[in-house]
$ cat entry.pdb   # PDB, C-alpha atoms
ATOM      1  CA  MET A   1       6.473   4.115 -26.768
ATOM      2  CA  THR A   2       8.999   1.378 -27.602
ATOM      3  CA  LEU A   3      12.158   1.279 -25.482
ATOM      4  CA  PRO A   4      15.408   2.251 -27.258
ATOM      5  CA  MET A   5      17.286  -0.860 -28.433
ATOM      6  CA  SER A   6      20.211  -0.168 -26.084
ATOM      7  CA  HIS A   7      17.851  -0.513 -23.113
ATOM      8  CA  GLU A   8      15.404  -3.125 -24.410
ATOM      9  CA  ASP A   9      17.754  -6.097 -24.091
ATOM     10  CA  ASN A  10      18.309  -5.345 -20.419
ATOM     11  CA  PHE A  11      14.626  -4.927 -19.569
ATOM     12  CA  LYS A  12      12.518  -7.697 -18.010
ATOM     13  CA  LEU A  13       8.832  -7.214 -17.260
ATOM     14  CA  LEU A  14       7.013  -9.617 -14.919
ATOM     15  CA  SER A  15       3.362  -9.804 -13.966
ATOM     16  CA  GLY A  16       1.876 -10.818 -10.651
ATOM     17  CA  SER A  17      -1.504 -12.557 -10.653
ATOM     18  CA  ALA A  18      -3.345  -9.454  -9.403
ATOM     19  CA  ASN A  19      -2.792  -7.340 -12.546
ATOM     20  CA  VAL A  20      -2.509  -9.687 -15.531
ATOM     21  CA  ALA A  21      -4.651  -7.597 -17.900
ATOM     22  CA  LEU A  22      -2.943  -4.343 -16.908
ATOM     23  CA  SER A  23       0.494  -5.989 -17.221
ATOM     24  CA  LYS A  24      -0.303  -7.133 -20.759
ATOM     25  CA  ALA A  25      -1.495  -3.631 -21.656
ATOM     26  CA  ILE A  26       1.743  -2.135 -20.307
ATOM     27  CA  ALA A  27       3.806  -4.711 -22.214
ATOM     28  CA  ASP A  28       1.934  -3.770 -25.401
ATOM     29  CA  GLN A  29       2.590  -0.077 -24.756
ATOM     30  CA  LEU A  30       6.324  -0.743 -24.346
ATOM     31  CA  ASN A  31       6.409  -3.321 -27.163
ATOM     32  CA  VAL A  32       8.246  -5.830 -24.955
ATOM     33  CA  PRO A  33       7.141  -9.359 -23.964
ATOM     34  CA  LEU A  34       6.260 -10.394 -20.441
ATOM     35  CA  CYS A  35       8.985 -12.507 -18.850
ATOM     36  CA  HIS A  36       8.172 -16.218 -18.559
ATOM     37  CA  ALA A  37       7.507 -16.923 -14.901
ATOM     38  CA  GLU A  38       5.405 -19.504 -13.100
ATOM     39  CA  VAL A  39       3.489 -18.661  -9.951
ATOM     40  CA  ARG A  40       1.741 -21.592  -8.306
ATOM     41  CA  ARG A  41       0.577 -22.743  -4.908
ATOM     42  CA  PHE A  42       1.265 -25.874  -2.941
ATOM     43  CA  SER A  43      -1.714 -27.748  -1.518
ATOM     44  CA  ASP A  44      -1.359 -25.933   1.821
ATOM     45  CA  GLY A  45      -1.491 -22.521   0.108
ATOM     46  CA  GLU A  46       2.232 -21.695   0.062
ATOM     47  CA  ILE A  47       3.250 -19.630  -2.954
ATOM     48  CA  PHE A  48       6.033 -20.846  -5.244
ATOM     49  CA  VAL A  49       7.656 -18.728  -7.967
ATOM     50  CA  GLU A  50       9.965 -19.889 -10.738
ATOM     51  CA  ILE A  51      11.528 -17.391 -13.174
ATOM     52  CA  GLN A  52      11.833 -19.374 -16.399
ATOM     53  CA  GLU A  53      14.406 -17.269 -18.222
ATOM     54  CA  SER A  54      17.677 -15.592 -17.317
ATOM     55  CA  VAL A  55      17.457 -12.242 -15.539
ATOM     56  CA  ARG A  56      21.152 -11.984 -14.609
ATOM     57  CA  GLY A  57      22.217  -8.350 -14.835
ATOM     58  CA  ALA A  58      18.778  -7.235 -16.033
ATOM     59  CA  ASP A  59      16.644  -4.333 -14.839
ATOM     60  CA  THR A  60      13.435  -6.057 -13.752
ATOM     61  CA  PHE A  61       9.942  -4.672 -13.167
ATOM     62  CA  ILE A  62       7.219  -6.559 -11.247
ATOM     63  CA  ILE A  63       3.666  -5.311 -11.807
ATOM     64  CA  GLN A  64       1.473  -6.248  -8.853
ATOM     65  CA  SER A  65      -1.247  -4.392  -6.962
ATOM     66  CA  THR A  66      -1.530  -5.480  -3.344
ATOM     67  CA  CYS A  67      -5.310  -5.756  -3.681
ATOM     68  CA  HIS A  68      -7.803  -8.516  -2.855
ATOM     69  CA  PRO A  69      -6.728 -11.058  -1.722
ATOM     70  CA  VAL A  70      -4.412  -8.517  -0.108
ATOM     71  CA  ASN A  71      -2.113 -10.811   1.859
ATOM     72  CA  ASP A  72      -1.717 -13.303  -0.999
ATOM     73  CA  SER A  73      -0.925 -10.480  -3.433
ATOM     74  CA  LEU A  74       1.641  -9.007  -1.075
ATOM     75  CA  MET A  75       3.335 -12.337  -0.398
ATOM     76  CA  GLU A  76       3.429 -13.109  -4.114
ATOM     77  CA  LEU A  77       5.161  -9.767  -4.758
ATOM     78  CA  LEU A  78       7.706 -10.398  -1.987
ATOM     79  CA  ILE A  79       8.474 -13.924  -3.220
ATOM     80  CA  MET A  80       8.859 -12.762  -6.829
ATOM     81  CA  ALA A  81      11.284 -10.077  -5.652
ATOM     82  CA  ASP A  82      13.276 -12.639  -3.665
ATOM     83  CA  SER A  83      13.428 -14.909  -6.728
ATOM     84  CA  LEU A  84      14.831 -12.056  -8.833
ATOM     85  CA  LYS A  85      17.322 -11.029  -6.163
ATOM     86  CA  ARG A  86      18.657 -14.587  -5.896
ATOM     87  CA  SER A  87      18.812 -14.759  -9.715
ATOM     88  CA  SER A  88      21.266 -11.818  -9.820
ATOM     89  CA  ALA A  89      18.941  -9.205 -11.311
ATOM     90  CA  ALA A  90      20.679  -5.826 -11.498
ATOM     91  CA  SER A  91      17.635  -3.952 -10.162
ATOM     92  CA  ILE A  92      14.114  -4.826  -9.034
ATOM     93  CA  THR A  93      11.382  -2.213  -9.438
ATOM     94  CA  ALA A  94       8.003  -2.973  -7.880
ATOM     95  CA  VAL A  95       5.228  -1.364  -9.907
ATOM     96  CA  ILE A  96       2.374  -1.271  -7.392
ATOM     97  CA  PRO A  97      -0.602   0.477  -9.034
ATOM     98  CA  TYR A  98      -2.595   0.113  -5.805
ATOM     99  CA  TYR A  99      -0.665   0.157  -2.512
ATOM    100  CA  GLY A 100      -2.587  -2.038  -0.072
ATOM    101  CA  TYR A 101      -2.511  -1.224   3.655
ATOM    102  CA  GLY A 102      -2.053   2.438   2.651
ATOM    103  CA  ARG A 103      -4.862   3.558   4.959
ATOM    104  CA  GLN A 104      -2.880   2.383   8.001
ATOM    105  CA  ASP A 105      -0.318   5.171   7.619
ATOM    106  CA  ARG A 106      -0.315   6.610  11.163
ATOM    107  CA  LYS A 107      -1.353   5.912  14.736
ATOM    108  CA  VAL A 108      -4.845   7.272  15.306
ATOM    109  CA  GLN A 109      -5.224   5.642  18.730
ATOM    110  CA  PRO A 110      -2.993   3.807  21.211
ATOM    111  CA  ARG A 111      -1.633   0.300  20.534
ATOM    112  CA  VAL A 112      -2.320   0.152  16.789
ATOM    113  CA  PRO A 113       0.198  -0.590  13.998
ATOM    114  CA  ILE A 114       1.467   1.580  11.165
ATOM    115  CA  THR A 115       1.100  -1.201   8.625
ATOM    116  CA  ALA A 116       1.917   0.963   5.587
ATOM    117  CA  LYS A 117       5.418   1.352   7.069
ATOM    118  CA  LEU A 118       5.645  -2.389   7.806
ATOM    119  CA  VAL A 119       4.841  -3.153   4.159
ATOM    120  CA  ALA A 120       7.533  -0.687   3.066
ATOM    121  CA  ASP A 121      10.082  -2.488   5.269
ATOM    122  CA  LEU A 122       9.049  -5.887   3.872
ATOM    123  CA  LEU A 123       9.385  -4.696   0.268
ATOM    124  CA  THR A 124      12.847  -3.310   0.931
ATOM    125  CA  ALA A 125      13.960  -6.439   2.811
ATOM    126  CA  ALA A 126      12.826  -8.594  -0.131
ATOM    127  CA  GLY A 127      15.358  -6.844  -2.346
ATOM    128  CA  ILE A 128      13.205  -4.291  -4.163
ATOM    129  CA  THR A 129      15.353  -1.341  -5.217
ATOM    130  CA  ARG A 130      12.672   1.059  -6.467
ATOM    131  CA  VAL A 131       8.891   1.474  -6.170
ATOM    132  CA  ILE A 132       6.437   2.999  -8.637
ATOM    133  CA  SER A 133       2.909   3.494  -7.295
ATOM    134  CA  MET A 134      -0.193   5.506  -8.101
ATOM    135  CA  ASP A 135      -2.390   7.805  -6.009
ATOM    136  CA  LEU A 136      -1.296   6.799  -2.526
ATOM    137  CA  HIS A 137      -3.895   7.207   0.199
ATOM    138  CA  ALA A 138      -1.395   9.474   1.964
ATOM    139  CA  SER A 139       1.608  11.032   0.208
ATOM    140  CA  GLN A 140       3.795  10.634   3.304
ATOM    141  CA  ILE A 141       3.973   6.883   2.627
ATOM    142  CA  GLN A 142       6.806   7.761   0.231
ATOM    143  CA  GLY A 143       8.832   8.725   3.291
ATOM    144  CA  PHE A 144       8.525   5.189   4.697
ATOM    145  CA  PHE A 145      10.988   4.008   2.040
ATOM    146  CA  ASN A 146      14.766   4.451   1.941
ATOM    147  CA  ILE A 147      14.799   3.582  -1.770
ATOM    148  CA  PRO A 148      13.640   5.692  -4.754
ATOM    149  CA  PHE A 149       9.855   6.057  -4.945
ATOM    150  CA  ASP A 150       7.929   7.425  -7.933
ATOM    151  CA  HIS A 151       4.406   8.606  -7.081
ATOM    152  CA  LEU A 152       2.163   8.747 -10.162
ATOM    153  CA  PHE A 153      -1.328  10.208 -10.575
ATOM    154  CA  ALA A 154      -4.376   9.022 -12.512
ATOM    155  CA  LYS A 155      -5.748  12.569 -12.647
ATOM    156  CA  PRO A 156      -4.809  13.203 -16.344
ATOM    157  CA  VAL A 157      -6.749  10.101 -17.467
ATOM    158  CA  LEU A 158      -9.774  10.859 -15.276
ATOM    159  CA  THR A 159     -10.018  14.576 -16.068
ATOM    160  CA  HIS A 160      -9.643  13.886 -19.796
ATOM    161  CA  TYR A 161     -12.685  11.586 -19.606
ATOM    162  CA  LEU A 162     -14.695  14.211 -17.698
ATOM    163  CA  LYS A 163     -13.808  16.918 -20.235
ATOM    164  CA  GLN A 164     -14.849  14.684 -23.115
ATOM    165  CA  ASN A 165     -18.115  13.407 -21.615
ATOM    166  CA  TYR A 166     -19.461  16.062 -19.219
ATOM    167  CA  ASP A 167     -20.631  19.656 -19.550
ATOM    168  CA  ALA A 168     -18.048  21.695 -17.615
ATOM    169  CA  ASP A 169     -20.501  24.596 -17.180
ATOM    170  CA  LYS A 170     -22.697  22.377 -14.994
ATOM    171  CA  LEU A 171     -19.978  20.581 -12.997
ATOM    172  CA  ILE A 172     -18.872  21.006  -9.415
ATOM    173  CA  ILE A 173     -16.143  18.877  -7.827
ATOM    174  CA  VAL A 174     -16.900  17.550  -4.344
ATOM    175  CA  SER A 175     -14.438  16.242  -1.772
ATOM    176  CA  PRO A 176     -16.131  13.568   0.388
ATOM    177  CA  ASP A 177     -14.051  14.560   3.441
ATOM    178  CA  ALA A 178     -11.571  17.174   4.654
ATOM    179  CA  GLY A 179      -8.602  14.896   3.981
ATOM    180  CA  GLY A 180      -9.371  14.761   0.258
ATOM    181  CA  VAL A 181      -9.634  18.529  -0.300
ATOM    182  CA  GLU A 182      -6.194  18.848  -1.914
ATOM    183  CA  ARG A 183      -7.012  16.067  -4.398
ATOM    184  CA  ALA A 184     -10.433  17.529  -5.217
ATOM    185  CA  ARG A 185      -8.974  21.022  -5.590
ATOM    186  CA  ALA A 186      -6.484  19.698  -8.151
ATOM    187  CA  PHE A 187      -9.377  18.238 -10.172
ATOM    188  CA  ALA A 188     -11.390  21.465  -9.884
ATOM    189  CA  LYS A 189      -8.405  23.550 -11.002
ATOM    190  CA  ARG A 190      -7.673  21.301 -13.975
ATOM    191  CA  LEU A 191     -11.340  21.394 -15.071
ATOM    192  CA  ASP A 192     -11.809  25.061 -14.078
ATOM    193  CA  VAL A 193     -14.976  24.334 -12.063
ATOM    194  CA  PRO A 194     -16.112  25.147  -8.477
ATOM    195  CA  LEU A 195     -15.313  23.057  -5.407
ATOM    196  CA  ALA A 196     -17.494  21.839  -2.519
ATOM    197  CA  ILE A 197     -16.561  19.859   0.600
ATOM    198  CA  ILE A 198     -18.454  17.348   2.703
ATOM    199  CA  ASP A 199     -17.596  17.419   6.395
ATOM    200  CA  LYS A 200     -17.646  13.725   7.307
ATOM    201  CA  ARG A 201     -17.660  12.441  10.875
ATOM    202  CA  ARG A 202     -16.398   8.847  10.967
ATOM    203  CA  VAL A 203     -17.387   6.598  13.904
ATOM    204  CA  LYS A 204     -14.919   3.827  12.974
ATOM    205  CA  ALA A 205     -13.422   2.209   9.869
ATOM    206  CA  ASN A 206     -16.030   1.784   7.097
ATOM    207  CA  GLU A 207     -18.716   3.502   9.227
ATOM    208  CA  VAL A 208     -19.675   7.173   8.902
ATOM    209  CA  GLY A 209     -21.525   9.028  11.647
ATOM    210  CA  GLY A 210     -22.744  12.184   9.873
ATOM    211  CA  MET A 211     -22.174  14.562   6.962
ATOM    212  CA  ASN A 212     -22.524  18.314   6.365
ATOM    213  CA  LEU A 213     -22.087  20.096   3.027
ATOM    214  CA  ILE A 214     -19.853  23.143   2.591
ATOM    215  CA  GLY A 215     -20.575  24.853  -0.740
ATOM    216  CA  GLU A 216     -23.427  25.347  -3.201
ATOM    217  CA  VAL A 217     -24.345  22.414  -5.471
ATOM    218  CA  ARG A 218     -27.881  23.426  -6.473
ATOM    219  CA  GLU A 219     -28.696  22.725 -10.155
ATOM    220  CA  ARG A 220     -25.217  21.325 -10.782
ATOM    221  CA  HIS A 221     -23.804  17.918 -11.696
ATOM    222  CA  ALA A 222     -21.716  17.009  -8.639
ATOM    223  CA  ILE A 223     -18.606  14.875  -9.153
ATOM    224  CA  ILE A 224     -17.393  13.194  -5.953
ATOM    225  CA  VAL A 225     -13.610  12.722  -6.165
ATOM    226  CA  ASP A 226     -11.756  10.255  -3.935
ATOM    227  CA  ASP A 227      -8.601   8.134  -4.105
ATOM    228  CA  MET A 228     -10.562   4.905  -3.615
ATOM    229  CA  ILE A 229     -14.059   3.510  -3.231
ATOM    230  CA  ASP A 230     -14.149   0.556  -0.844
ATOM    231  CA  THR A 231     -17.543  -0.486   0.550
ATOM    232  CA  ALA A 232     -19.179   2.607  -1.059
ATOM    233  CA  GLY A 233     -20.905   3.510   2.216
ATOM    234  CA  THR A 234     -19.426   7.028   2.266
ATOM    235  CA  LEU A 235     -20.179   7.443  -1.436
ATOM    236  CA  ILE A 236     -23.863   6.593  -1.085
ATOM    237  CA  GLN A 237     -24.319   8.880   1.935
ATOM    238  CA  ALA A 238     -22.507  11.704   0.137
ATOM    239  CA  THR A 239     -24.755  11.198  -2.895
ATOM    240  CA  LYS A 240     -27.859  11.546  -0.720
ATOM    241  CA  VAL A 241     -26.498  14.727   0.923
ATOM    242  CA  LEU A 242     -25.756  16.289  -2.486
ATOM    243  CA  LEU A 243     -29.162  15.401  -3.952
ATOM    244  CA  ASP A 244     -30.899  16.678  -0.793
ATOM    245  CA  ASN A 245     -29.066  19.977  -1.306
ATOM    246  CA  GLY A 246     -30.322  20.413  -4.849
ATOM    247  CA  ALA A 247     -27.724  18.732  -7.047
ATOM    248  CA  GLU A 248     -29.245  17.681 -10.385
ATOM    249  CA  GLN A 249     -27.039  14.616 -10.776
ATOM    250  CA  VAL A 250     -24.177  12.949  -8.923
ATOM    251  CA  SER A 251     -21.280  10.934 -10.316
ATOM    252  CA  ALA A 252     -18.121   9.646  -8.650
ATOM    253  CA  VAL A 253     -14.491   9.439  -9.695
ATOM    254  CA  CYS A 254     -11.775   7.376  -8.014
ATOM    255  CA  SER A 255      -8.342   6.027  -8.869
ATOM    256  CA  HIS A 256      -8.799   2.693  -7.111
ATOM    257  CA  GLY A 257     -12.021   0.698  -7.315
ATOM    258  CA  VAL A 258     -11.615  -1.554  -4.278
ATOM    259  CA  PHE A 259     -15.374  -2.310  -4.252
ATOM    260  CA  SER A 260     -15.454  -4.729  -1.320
ATOM    261  CA  GLY A 261     -18.340  -6.006   0.790
ATOM    262  CA  THR A 262     -21.713  -4.713  -0.402
ATOM    263  CA  ALA A 263     -20.252  -2.097  -2.771
ATOM    264  CA  TYR A 264     -21.762  -3.750  -5.840
ATOM    265  CA  GLU A 265     -25.304  -3.733  -4.450
ATOM    266  CA  ARG A 266     -24.954  -0.181  -3.107
ATOM    267  CA  ILE A 267     -23.759   1.214  -6.425
ATOM    268  CA  ARG A 268     -26.297  -0.785  -8.440
ATOM    269  CA  ASP A 269     -29.210   0.446  -6.328
ATOM    270  CA  SER A 270     -27.955   4.023  -5.910
ATOM    271  CA  GLN A 271     -29.000   7.275  -7.611
ATOM    272  CA  LEU A 272     -25.474   7.732  -8.980
ATOM    273  CA  LYS A 273     -25.293   8.499 -12.684
ATOM    274  CA  GLU A 274     -21.820   6.993 -13.128
ATOM    275  CA  VAL A 275     -18.845   5.676 -11.155
ATOM    276  CA  ILE A 276     -15.524   6.177 -12.937
ATOM    277  CA  CYS A 277     -12.442   4.236 -11.799
ATOM    278  CA  THR A 278      -9.167   2.966 -13.273
ATOM    279  CA  ASP A 279      -7.737  -0.510 -13.807
ATOM    280  CA  THR A 280      -5.204  -0.320 -10.953
ATOM    281  CA  ILE A 281      -7.450  -3.004  -9.428
ATOM    282  CA  PRO A 282      -9.253  -5.450 -11.739
ATOM    283  CA  LEU A 283     -13.040  -5.285 -11.541
ATOM    284  CA  SER A 284     -15.072  -8.308 -10.500
ATOM    285  CA  PRO A 285     -17.144  -9.829 -13.334
ATOM    286  CA  ALA A 286     -20.359  -8.435 -11.801
ATOM    287  CA  LEU A 287     -19.006  -4.891 -11.546
ATOM    288  CA  ALA A 288     -17.504  -5.072 -15.032
ATOM    289  CA  LYS A 289     -21.032  -5.711 -16.382
ATOM    290  CA  LEU A 290     -22.606  -2.880 -14.381
ATOM    291  CA  THR A 291     -23.411  -0.058 -16.814
ATOM    292  CA  LYS A 292     -22.950   2.580 -14.113
ATOM    293  CA  VAL A 293     -19.265   1.661 -13.723
ATOM    294  CA  LYS A 294     -16.710   2.981 -16.234
ATOM    295  CA  CYS A 295     -13.135   1.664 -15.951
ATOM    296  CA  LEU A 296     -10.310   3.628 -17.607
ATOM    297  CA  SER A 297      -6.815   2.277 -18.222
ATOM    298  CA  VAL A 298      -3.712   3.819 -16.652
ATOM    299  CA  ALA A 299      -1.399   1.518 -18.655
ATOM    300  CA  PRO A 300      -0.042   4.431 -20.781
ATOM    301  CA  ILE A 301       0.983   6.419 -17.676
ATOM    302  CA  LEU A 302       2.614   3.425 -15.959
ATOM    303  CA  ALA A 303       4.356   2.318 -19.164
ATOM    304  CA  GLU A 304       5.760   5.789 -19.817
ATOM    305  CA  ALA A 305       6.996   6.069 -16.213
ATOM    306  CA  MET A 306       8.717   2.673 -16.498
ATOM    307  CA  ARG A 307      10.292   3.651 -19.813
ATOM    308  CA  ARG A 308      11.638   6.854 -18.268
ATOM    309  CA  VAL A 309      13.032   4.996 -15.264
ATOM    310  CA  GLN A 310      14.767   2.538 -17.588
ATOM    311  CA  THR A 311      16.186   5.276 -19.850
ATOM    312  CA  ARG A 312      17.163   7.510 -16.905
ATOM    313  CA  GLN A 313      14.752  10.327 -17.777
ATOM    314  CA  SER A 314      12.608  12.536 -15.556
ATOM    315  CA  VAL A 315       9.411  10.953 -14.251
ATOM    316  CA  SER A 316       8.072  14.077 -12.537
ATOM    317  CA  SER A 317       7.915  15.898 -15.888
ATOM    318  CA  LEU A 318       5.074  13.524 -16.833
ATOM    319  CA  PHE A 319       2.798  15.769 -14.777
ATOM    320  CA  ASP A 320       4.165  19.219 -15.663
TER     321      ASP A 320
END

$ encode --input "entry.pdb" --output "structure tokens"
Amino acid sequence: MTLPMSHEDNFKLLSGSANVALSKAIADQLNVPLCHAEVRRFSDGEIFVEIQESVRGADTFIIQSTCHPVNDSLMELLIMADSLKRSSAASITAVIPYYGYGRQDRKVQPRVPITAKLVADLLTAAGITRVISMDLHASQIQGFFNIPFDHLFAKPVLTHYLKQNYDADKLIIVSPDAGGVERARAFAKRLDVPLAIIDKRRVKANEVGGMNLIGEVRERHAIIVDDMIDTAGTLIQATKVLLDNGAEQVSAVCSHGVFSGTAYERIRDSQLKEVICTDTIPLSPALAKLTKVKCLSVAPILAEAMRRVQTRQSVSSLFD
């Protein structure tokens, strides 16, 4: 997947501290080196960035998920973009595998922010000229930007793993809530398996009130599909509902393994057979050692999208 020589000289790839391993994997896929840059902190916590090679007139790509620590990761991305803008880079593309604050995409009650839009404004003000992201919590976040936005999907990587490792005749895809039905349906269609839905009543953020199952899961291996797993509270409750309704086994698939709070303990102690995620967010050392957790790399998809952006080719055709 090497870039054509006419484009390679004008291509600069930078890594934020949140995605070092993924950035190196993408660089290997593209057969280009990571740009020399230093990111350090002053004693009071302020972030300082120094780009240690010329980027004048170059098309630059910053790989940085705005994941834990969310605010530090976001500020680091903004400061790196400002450094590139003031160094006369021709373009600045933010490759954000996981878009933090994506769940705050609308007003659900009075006097609350739409922080996903605020983040979009900050990224644009910092000088970013294009955004590449993966599996947004809500697709309408693309509309918060007045710059080009490429929305990628981890579905090809995840469904390929399921086809290779699971018996399709026994599978059923389950959406953990009504909002995820479209995503789950896409998985079910690609795998040619049935679909079930859990009607989830949420009391407040990270707290679920009750669940009801729509569909028949008896004697099947249920695969819960979601865009992210955060505290895993919903996941564990959904697993119990599915097993209570006769499912033989339950596994989970997500694009973003946020795994905050007590997620590790909940997954470790659960009846889940497997939790499959991608490397849009690096796993903690404890989770990386947990045999129930399988992490797949999306570096090939991100690298190919970046190559197509750089060579002015279609990105949407990646998913035809």

$ resolve_selection --input "entry.pdb" --expression "the PyMOL selection byres ((chain A and resi 157) around 12)" --output "PyMOL selection string"
chain A and resi 152-156+158-164+187+190+253-255+276-279+295-302+319

$ closest_residue --input "entry.pdb" --among "A:Lys170, A:Arg268, A:His137, A:Arg130" --to "Ala116 of chain A" --atoms "only C-alpha atoms"
A:His137

$ residues_around --input "entry.pdb" --residues "segment 9-19 of chain A" --least-positions-apart "3" --cutoff "7 Å" --atoms "all atoms listed in the file" --output "PyMOL selection string"
chain A and resi 5-6+22-23+34-35+58-65+73+77+282

$ closest_residue --input "entry.pdb" --among "A:Asp192, A:Gln140, A:Glu76, A:Leu84" --to "Gln104 of chain A" --atoms "all atoms listed in the file"
A:Gln140

$ residues_around --input "entry.pdb" --residues "Gln249 of chain A" --least-positions-apart "2" --cutoff "12 Å" --atoms "all atoms listed in the file" --output "PDB file with C-alpha atoms, in the frame of the given file"
ATOM      1  CA  TYR A 166     -19.461  16.062 -19.219  1.00  0.00           C
ATOM      2  CA  ASP A 167     -20.631  19.656 -19.550  1.00  0.00           C
ATOM      3  CA  LYS A 170     -22.697  22.377 -14.994  1.00  0.00           C
ATOM      4  CA  LEU A 171     -19.978  20.581 -12.997  1.00  0.00           C
ATOM      5  CA  ILE A 172     -18.872  21.006  -9.415  1.00  0.00           C
ATOM      6  CA  VAL A 217     -24.345  22.414  -5.471  1.00  0.00           C
ATOM      7  CA  ARG A 218     -27.881  23.426  -6.473  1.00  0.00           C
ATOM      8  CA  GLU A 219     -28.696  22.725 -10.155  1.00  0.00           C
ATOM      9  CA  ARG A 220     -25.217  21.325 -10.782  1.00  0.00           C
ATOM     10  CA  HIS A 221     -23.804  17.918 -11.696  1.00  0.00           C
ATOM     11  CA  ALA A 222     -21.716  17.009  -8.639  1.00  0.00           C
ATOM     12  CA  ILE A 223     -18.606  14.875  -9.153  1.00  0.00           C
ATOM     13  CA  ILE A 224     -17.393  13.194  -5.953  1.00  0.00           C
ATOM     14  CA  THR A 239     -24.755  11.198  -2.895  1.00  0.00           C
ATOM     15  CA  LYS A 240     -27.859  11.546  -0.720  1.00  0.00           C
ATOM     16  CA  VAL A 241     -26.498  14.727   0.923  1.00  0.00           C
ATOM     17  CA  LEU A 242     -25.756  16.289  -2.486  1.00  0.00           C
ATOM     18  CA  LEU A 243     -29.162  15.401  -3.952  1.00  0.00           C
ATOM     19  CA  ASP A 244     -30.899  16.678  -0.793  1.00  0.00           C
ATOM     20  CA  ASN A 245     -29.066  19.977  -1.306  1.00  0.00           C
ATOM     21  CA  GLY A 246     -30.322  20.413  -4.849  1.00  0.00           C
ATOM     22  CA  ALA A 247     -27.724  18.732  -7.047  1.00  0.00           C
ATOM     23  CA  SER A 251     -21.280  10.934 -10.316  1.00  0.00           C
ATOM     24  CA  ALA A 252     -18.121   9.646  -8.650  1.00  0.00           C
ATOM     25  CA  SER A 270     -27.955   4.023  -5.910  1.00  0.00           C
ATOM     26  CA  GLN A 271     -29.000   7.275  -7.611  1.00  0.00           C
ATOM     27  CA  LEU A 272     -25.474   7.732  -8.980  1.00  0.00           C
ATOM     28  CA  LYS A 273     -25.293   8.499 -12.684  1.00  0.00           C
ATOM     29  CA  GLU A 274     -21.820   6.993 -13.128  1.00  0.00           C
TER      30      GLU A 274
END

$ residues_near_point --input "entry.pdb" --point "(-15.6, 1.7, -0.7)" --cutoff "9 Å" --atoms "all atoms listed in the file" --output "PyMOL selection string"
chain A and resi 206+228-235+257-263

$ write_last_selection --input "entry.pdb" --atoms "C-alpha atoms" --output "PDB file, in the frame of the given file"
ATOM      1  CA  ASN A 206     -16.030   1.784   7.097  1.00  0.00           C
ATOM      2  CA  MET A 228     -10.562   4.905  -3.615  1.00  0.00           C
ATOM      3  CA  ILE A 229     -14.059   3.510  -3.231  1.00  0.00           C
ATOM      4  CA  ASP A 230     -14.149   0.556  -0.844  1.00  0.00           C
ATOM      5  CA  THR A 231     -17.543  -0.486   0.550  1.00  0.00           C
ATOM      6  CA  ALA A 232     -19.179   2.607  -1.059  1.00  0.00           C
ATOM      7  CA  GLY A 233     -20.905   3.510   2.216  1.00  0.00           C
ATOM      8  CA  THR A 234     -19.426   7.028   2.266  1.00  0.00           C
ATOM      9  CA  LEU A 235     -20.179   7.443  -1.436  1.00  0.00           C
ATOM     10  CA  GLY A 257     -12.021   0.698  -7.315  1.00  0.00           C
ATOM     11  CA  VAL A 258     -11.615  -1.554  -4.278  1.00  0.00           C
ATOM     12  CA  PHE A 259     -15.374  -2.310  -4.252  1.00  0.00           C
ATOM     13  CA  SER A 260     -15.454  -4.729  -1.320  1.00  0.00           C
ATOM     14  CA  GLY A 261     -18.340  -6.006   0.790  1.00  0.00           C
ATOM     15  CA  THR A 262     -21.713  -4.713  -0.402  1.00  0.00           C
ATOM     16  CA  ALA A 263     -20.252  -2.097  -2.771  1.00  0.00           C
TER      17      ALA A 263
END

$ atom_distance --input "entry.pdb" --atom1 "atom CA of Val131 of chain A" --atom2 "atom CA of Leu118 of chain A"
14.9 Å

$ atom_distance --input "entry.pdb" --atom1 "atom CA of Ala81 of chain A" --atom2 "atom CA of Leu3 of chain A"
22.9 Å

$ residues_near_point --input "entry.pdb" --point "(-1.0, -3.2, -2.8)" --cutoff "7 Å" --atoms "all atoms listed in the file" --output "list in words"
Ser65, Thr66, Cys67, Val70, Leu74, Ile96, Tyr98, Tyr99, Gly100 and Tyr101 of chain A

$ write_last_selection --input "entry.pdb" --atoms "C-alpha atoms" --output "short mmCIF file (atom, residue, chain, number, x, y, z; two decimals), keeping the file's coordinate frame"
data_model
loop_
_atom_site.label_atom_id
_atom_site.label_comp_id
_atom_site.auth_asym_id
_atom_site.auth_seq_id
_atom_site.Cartn_x
_atom_site.Cartn_y
_atom_site.Cartn_z
CA SER A 65 -1.25 -4.39 -6.96
CA THR A 66 -1.53 -5.48 -3.34
CA CYS A 67 -5.31 -5.76 -3.68
CA VAL A 70 -4.41 -8.52 -0.11
CA LEU A 74 1.64 -9.01 -1.08
CA ILE A 96 2.37 -1.27 -7.39
CA TYR A 98 -2.60 0.11 -5.80
CA TYR A 99 -0.66 0.16 -2.51
CA GLY A 100 -2.59 -2.04 -0.07
CA TYR A 101 -2.51 -1.22 3.66
#

$ axis_aligned_box --input "entry.pdb" --around "segment 97-103 of chain A" --padding-each-side "5 Å" --output "AutoDock Vina command-line options"
--center_x -2.7 --center_y 0.8 --center_z -2.0 --size_x 14.3 --size_y 15.6 --size_z 24.0

$ atom_distance --input "entry.pdb" --atom1 "atom CA of Val225 of chain A" --atom2 "atom CA of Arg183 of chain A"
7.6 Å

$ closest_residue --input "entry.pdb" --among "A:Leu287, A:Val250, A:Ile128, A:Ile197" --to "Arg266 of chain A" --atoms "only C-alpha atoms"
A:Leu287

$ residues_around --input "entry.pdb" --residues "Phe48 of chain A" --least-positions-apart "5" --cutoff "7 Å" --atoms "all atoms listed in the file" --output "PyMOL selection string"
chain A and resi 39-41
